[in-house]
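**Student:** Here you go, this is run.txt (compact mmCIF, C-alpha atoms).
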# COMPACT_ATOMS: atom_id res chain seq x y z
CA MET A 1 113.32 97.99 105.59
CA PRO A 2 109.70 99.08 106.12
CA LYS A 3 108.13 97.61 109.23
CA ASN A 4 104.59 97.42 107.86
CA ILE A 5 105.31 94.08 106.19
CA LEU A 6 103.93 90.86 107.67
CA ILE A 7 105.35 87.40 107.01
CA ALA A 8 102.80 84.57 107.18
CA ILE A 9 103.84 80.92 107.26
CA ALA A 10 102.01 77.81 108.39
CA LEU A 11 104.44 76.19 110.82
CA PRO A 12 107.53 77.20 112.79
CA GLN A 13 109.42 74.36 111.08
CA GLU A 14 109.13 76.27 107.80
CA ASN A 15 111.25 79.05 109.31
CA VAL A 16 114.34 76.85 109.11
CA ASP A 17 117.01 77.88 111.61
CA LYS A 18 114.89 81.02 112.23
CA ARG A 19 116.35 82.53 109.06
CA LEU A 20 113.37 84.84 108.59
CA ASN A 21 113.92 86.45 112.00
CA CYS A 22 116.94 88.40 110.72
CA PHE A 23 114.63 90.74 108.78
CA GLY A 24 113.08 92.09 111.97
CA LEU A 25 109.56 91.75 110.57
CA PRO A 26 106.55 90.32 112.38
CA ILE A 27 105.92 86.67 111.61
CA ILE A 28 102.66 84.82 112.19
CA TYR A 29 102.30 81.07 112.15
CA THR A 30 98.85 80.33 110.78
CA GLY A 31 98.63 76.56 111.08
CA VAL A 32 98.11 74.21 108.16
CA GLY A 33 95.31 74.71 105.67
CA LYS A 34 93.57 77.57 103.95
CA ILE A 35 90.90 77.98 106.63
CA ASN A 36 93.48 78.30 109.42
CA ALA A 37 95.51 80.68 107.27
CA THR A 38 92.45 82.80 106.54
CA LEU A 39 91.40 83.03 110.18
CA GLN A 40 94.85 83.84 111.54
CA LEU A 41 95.70 86.29 108.78
CA THR A 42 92.36 88.08 109.08
CA GLU A 43 92.88 88.46 112.82
CA ALA A 44 96.41 89.81 112.35
CA LEU A 45 95.32 92.26 109.65
CA THR A 46 92.37 93.63 111.60
CA LYS A 47 94.47 94.22 114.74
CA ALA A 48 97.43 95.85 113.00
CA ALA A 49 97.97 99.53 113.67
CA PRO A 50 99.23 100.96 111.42
CA PRO A 51 97.92 98.49 108.87
CA TYR A 52 100.28 96.21 106.98
CA SER A 53 100.90 97.34 103.43
CA THR A 54 102.35 94.01 102.35
CA VAL A 55 101.85 90.38 103.37
CA ILE A 56 104.44 87.83 102.32
CA ASN A 57 103.00 84.32 102.45
CA LEU A 58 105.76 81.72 102.44
CA GLY A 59 105.64 77.97 102.39
CA PRO A 60 105.40 74.93 100.23
CA ALA A 61 102.63 74.88 97.68
CA GLU A 62 102.01 71.47 96.22
CA SER A 63 101.78 71.69 92.48
CA HIS A 64 101.83 69.45 89.45
CA ARG A 65 102.76 72.46 87.34
CA PHE A 66 105.91 73.72 89.08
CA ALA A 67 109.01 71.79 90.12
CA ALA A 68 109.91 71.52 93.80
CA GLY A 69 111.99 74.49 94.91
CA THR A 70 110.46 76.88 92.40
CA VAL A 71 109.66 80.33 93.77
CA ILE A 72 106.29 81.55 92.54
CA CYS A 73 105.31 85.20 92.72
CA ALA A 74 101.56 85.67 92.31
CA THR A 75 100.67 88.73 90.28
CA HIS A 76 96.95 88.15 89.79
CA PHE A 77 94.30 87.02 92.24
CA LEU A 78 90.79 85.78 91.62
CA GLY A 79 88.04 86.99 93.89
CA VAL A 80 84.61 85.61 94.47
CA PRO A 81 81.91 88.24 93.85
Could you write out this file's structure as structure tokens?

**Tutor:**
Amino acid sequence: MPKNILIAIALPQENVDKRLNCFGLPIIYTGVGKINATLQLTEALTKAAPPYSTVINLGPAESHRFAAGTVICATHFLGVP
């Protein structure tokens, strides 16, 4: 498995029984909220050498559109010009 993948999750409790550790990938805990996630992820990405090619962001995403337990894979992102 490539080692230039970063796993980002908000809280250690979301890594239930440390199941994500078996992949041998770096994991950052960003704290709750989009501002905390942005700050922590930006710091991790700017310090990475070599740079991460992939970031996997895991965690619950409250939604009225998707049922609990649904895995959502984002394929499009909206940027602010």

**Student:** Go through A:Pro12, A:Pro26, A:Gly69, A:Pro60 one by one, measure the shortest atom-to-atom distance of each to A:Leu45 using all atoms listed in the file, and give the residue with the smallest value.

**Tutor:** A:Pro26

**Student:** Looking at all atoms listed in the file, which of A:Ser53, A:Lys34, A:Leu58, A:Ala48 is the one that sits closest to A:Asn15?

**Tutor:**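 Smallest distance to A:Asn15 is found for A:Leu58.
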
**Student:** Padding 6 Å on each side, edges along x, y and z: where is the centre of the box around the listed atoms of stretch 62-69 of chain A, and how long are its edges in Å to one decimal? Output it as AutoDock Vina command-line options.

**Tutor:**
--center_x 106.9 --center_y 72.0 --center_z 91.8 --size_x 22.2 --size_y 17.0 --size_z 20.9

**Student:** Taking 4 positions as the minimum chain separation for residues in the same chain, which residues sit within 6 Å of A:Ile9 when counting all atoms listed in the file? Answer as a list in words.

**Tutor:**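 Close residues of A:Ile9: Tyr29, Asn57, Leu58 and Gly59 of chain A.
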
**Student:** Those same residues - C-alpha atoms - I'd like them written as an mmCIF file, in the coordinates of the input.

**Tutor:**
data_model
loop_
_atom_site.group_PDB
_atom_site.id
_atom_site.type_symbol
_atom_site.label_atom_id
_atom_site.label_comp_id
_atom_site.auth_asym_id
_atom_site.auth_seq_id
_atom_site.Cartn_x
_atom_site.Cartn_y
_atom_site.Cartn_z
ATOM 1 C CA TYR A 29 102.300 81.070 112.150
ATOM 2 C CA ASN A 57 103.000 84.320 102.450
ATOM 3 C CA LEU A 58 105.760 81.720 102.440
ATOM 4 C CA GLY A 59 105.640 77.970 102.390
#

**Student:** Nearest to A:Asn36: which of A:Thr75, A:Pro50, A:Asp17, A:Leu11 is it, counting all atoms listed in the file?

**Tutor:**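 Of all the options, A:Leu11 lies closest to A:Asn36.
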
**Student:** At what distance in Å, to one decimal, does atom CA of A:Leu6 lie from atom CA of A:Lys47?

**Tutor:**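 These atoms are spaced 12.3 Å apart.
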
**Student:** Provide the atom CA of A:Ile7 to atom CA of A:Leu25 distance in Å, to one decimal place.

**Tutor:**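 Here the two named atoms are 7.0 Å from each other.
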
**Student:** Pick out the closest residue to A:Ile27 from this set: A:Thr46, A:Phe66, A:Cys73, A:Val55. Count only C-alpha atoms.

**Tutor:**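 Of the candidates, the smallest distance to A:Ile27 is held by A:Val55.
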
**Student:** In Å, rounded to a single decimal, give me how far atom CA of A:Ile56 is from atom CA of A:Ala37.

**Tutor:**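 A separation of 12.5 Å between them.
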
**Student:** Find, counting all atoms listed in the file, the residue in A:Lys18, A:Thr54, A:Ala67, A:Ala8 that gets nearest to A:Leu41.

**Tutor:**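 Checking each of A:Lys18, A:Thr54, A:Ala67, A:Ala8 against A:Leu41, counting all atoms listed in the file, the winner is A:Ala8.
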
**Student:** Between A:Arg65, A:Thr42, A:Gly24, A:Ile72, which is the closest to A:Ile5 once you count only C-alpha atoms?

**Tutor:**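 Checking each of A:Arg65, A:Thr42, A:Gly24, A:Ile72 against A:Ile5, counting only C-alpha atoms, the winner is A:Gly24.
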